[in-house]
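**Q** I'd like to ask some things about the structure below.
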Amino acid sequence: FGEPQRRSKAPSCAPVLSLAVAPDGCTVAVVVEGDDELQLLNLNWATRSLELQQRLRWPDVRYPCQAVFGPTGNLWVVGGVPLPTAQSAHVGVAQRGPDGKFVVCTEEVLPAAVRSLLEARVEEEETKMAEGGELFVYSKRLRKPTYDDAEVQQFKRKRNDYRERQRLAALRLRQDEQAKQQQADKQEQQQNGGAGEAEAEAAA
């Protein structure tokens, strides 16, 4: 399906960070990297297809990174500041309404005292996010890293098999040099021996 209204700072083909299936077996919550909202899909078992049903956004939960359905069907999400060393964590809850749509209900489910125990909002990190902090750090491990030739060679030098190959190559080189030297010495001895015999014959 198309995504003309998608609000995201991620690449057009951003990875999925989290999938959760509701107890009904037909509702799928999807968290996409860089999206400041969550997508709710309907799984049609008859046609084996997914249809976008809703986009849900929590006003006080930024950049969700994990989603899960509870035993009662409530949808829980965890998000926060997308920084490499972030300590902040935002928690949000939503429940299905009479019309089948999910609505935010964090304050009804989580009293302020309980929510403060679950969450962590570091002021400095929140400020960085508001100013435009680094994004898309959740899934760096999902992407194949790229290295230049110098970095590749440096990594190879640290590998045990590379060191062993280098040791064997150096050993073979020494053996070849020794064999060449022995061959040269043998040829020199043969030449010296032939010259000695010629001198002896001449003297006789």
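If you're wondering about the labels, chains in the structure tokens are A, B, ... by order shown, residues count from 1 in each chain, ligands from 1 in order shown.
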Looking only at helix (DSSP H, G or I) from DSSP on the backbone, list the matching residues of region 30-165 of chain A as a PyMOL selection string.
**A** chain A and resi 106-109+112-118+123-131+140-142+149-158+160-165
**Q** Using only C-alpha atoms, determine which residues lie at most 6 Å from region 91-98 of chain A, disregarding the query and same-chain residues fewer than 6 positions distant; provide the list as a PDB file with C-alpha atoms, in the first residue's frame.
**A**
```
ATOM      1  CA  ASN A  74      -4.200  -2.874  25.054  1.00  0.00           C
ATOM      2  CA  LEU A  75      -1.336  -1.692  22.876  1.00  0.00           C
ATOM      3  CA  TRP A  76       1.836  -0.660  24.700  1.00  0.00           C
ATOM      4  CA  VAL A  77       4.726   1.214  23.105  1.00  0.00           C
ATOM      5  CA  VAL A  78       8.142   2.369  24.245  1.00  0.00           C
ATOM      6  CA  VAL A 104      -4.497   6.802  23.367  1.00  0.00           C
ATOM      7  CA  CYS A 105      -5.318   5.996  26.998  1.00  0.00           C
ATOM      8  CA  THR A 106      -1.984   6.284  28.782  1.00  0.00           C
TER       9      THR A 106
END
```
**Q** Kindly give the distance, in Å, that separates CA of Asp36 (chain A) and CA of Tyr63 (chain A), rounded to a single decimal.
**A** 4.5 Å
**Q** Leu17 (chain A): which residues within 6 Å, counting only C-alpha atoms, same-chain residues fewer than 5 positions away excluded, as a list in words?
**A**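 Near Leu17 (chain A), the qualifying residues are Val31, Val32 and Glu33 of chain A.
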**Q** For the residues in that selection, give me C-alpha atoms as an mmCIF file, in the first residue's frame.
**A**
```
data_model
loop_
_atom_site.group_PDB
_atom_site.id
_atom_site.type_symbol
_atom_site.label_atom_id
_atom_site.label_comp_id
_atom_site.auth_asym_id
_atom_site.auth_seq_id
_atom_site.Cartn_x
_atom_site.Cartn_y
_atom_site.Cartn_z
ATOM 1 C CA VAL A 31 7.047 0.268 14.229
ATOM 2 C CA VAL A 32 9.199 1.670 11.423
ATOM 3 C CA GLU A 33 12.523 3.310 12.102
#
```
**Q** As JSON, numbers by chain, please: every residue in region 67-96 of chain A that DSSP puts in strand (DSSP E or B).
**A** {"A": [67, 68, 69, 75, 76, 77, 78, 79, 89, 90, 91, 92, 93, 94, 95, 96]}
**Q** Counting only C-alpha atoms, what is within 7 Å of region 52-58 of chain A, bar same-chain residues fewer than 3 positions away, as a list in words?
**A**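 Listing them by chain and then by number gives Asp36, Glu37, Leu38, Gln39, Leu40, Leu41, Asn42, Val61, Gly92 and Val104 of chain A.
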**Q** Which neighbours of region 124-126 of chain A fall inside 9 Å, counting only C-alpha atoms, when residues of the same chain fewer than 3 positions from it are skipped, and could you give them as a PyMOL selection string?
**A** chain A and resi 80-81+83+86-88+121+129-131+133
**Q** Create the file for the chosen residues now, containing C-alpha atoms and written as a PDB file, in the first residue's frame.
**A**
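File result-v8.pdb, as written:
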```pdb
ATOM      1  CA  GLY A  80      12.235   8.035  23.375  1.00  0.00           C
ATOM      2  CA  VAL A  81      15.203  10.027  22.263  1.00  0.00           C
ATOM      3  CA  LEU A  83      20.453   8.968  20.429  1.00  0.00           C
ATOM      4  CA  ALA A  86      20.062   7.674  25.320  1.00  0.00           C
ATOM      5  CA  GLN A  87      18.741   6.978  28.807  1.00  0.00           C
ATOM      6  CA  SER A  88      15.318   8.490  28.192  1.00  0.00           C
ATOM      7  CA  ARG A 121      13.080  11.637  30.694  1.00  0.00           C
ATOM      8  CA  MET A 129      15.815  15.731  20.358  1.00  0.00           C
ATOM      9  CA  ALA A 130      13.804  18.938  20.195  1.00  0.00           C
ATOM     10  CA  GLU A 131      16.748  20.585  18.449  1.00  0.00           C
ATOM     11  CA  GLY A 133      19.293  14.966  17.467  1.00  0.00           C
TER      12      GLY A 133
END
```
**Q** Between CA of Val30 (chain A) and CA of Val16 (chain A), what is the distance, to one decimal in Å?
**A**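 Between CA of Val30 (chain A) and CA of Val16 (chain A) the gap is 7.1 Å.
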**Q** For the atom pair CA of Cys65 (chain A) and CA of Thr47 (chain A), what is the interatomic distance in Å to one decimal place?
**A**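 Those two atoms sit 29.2 Å apart.
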**Q** Nearest to Glu51 (chain A): which of A:Thr27, A:Gln153, A:Thr146, A:Asn192 is it, counting only C-alpha atoms?
**A**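 Going through A:Thr27, A:Gln153, A:Thr146, A:Asn192 one by one, the smallest distance to Glu51 (chain A) is for A:Thr27.
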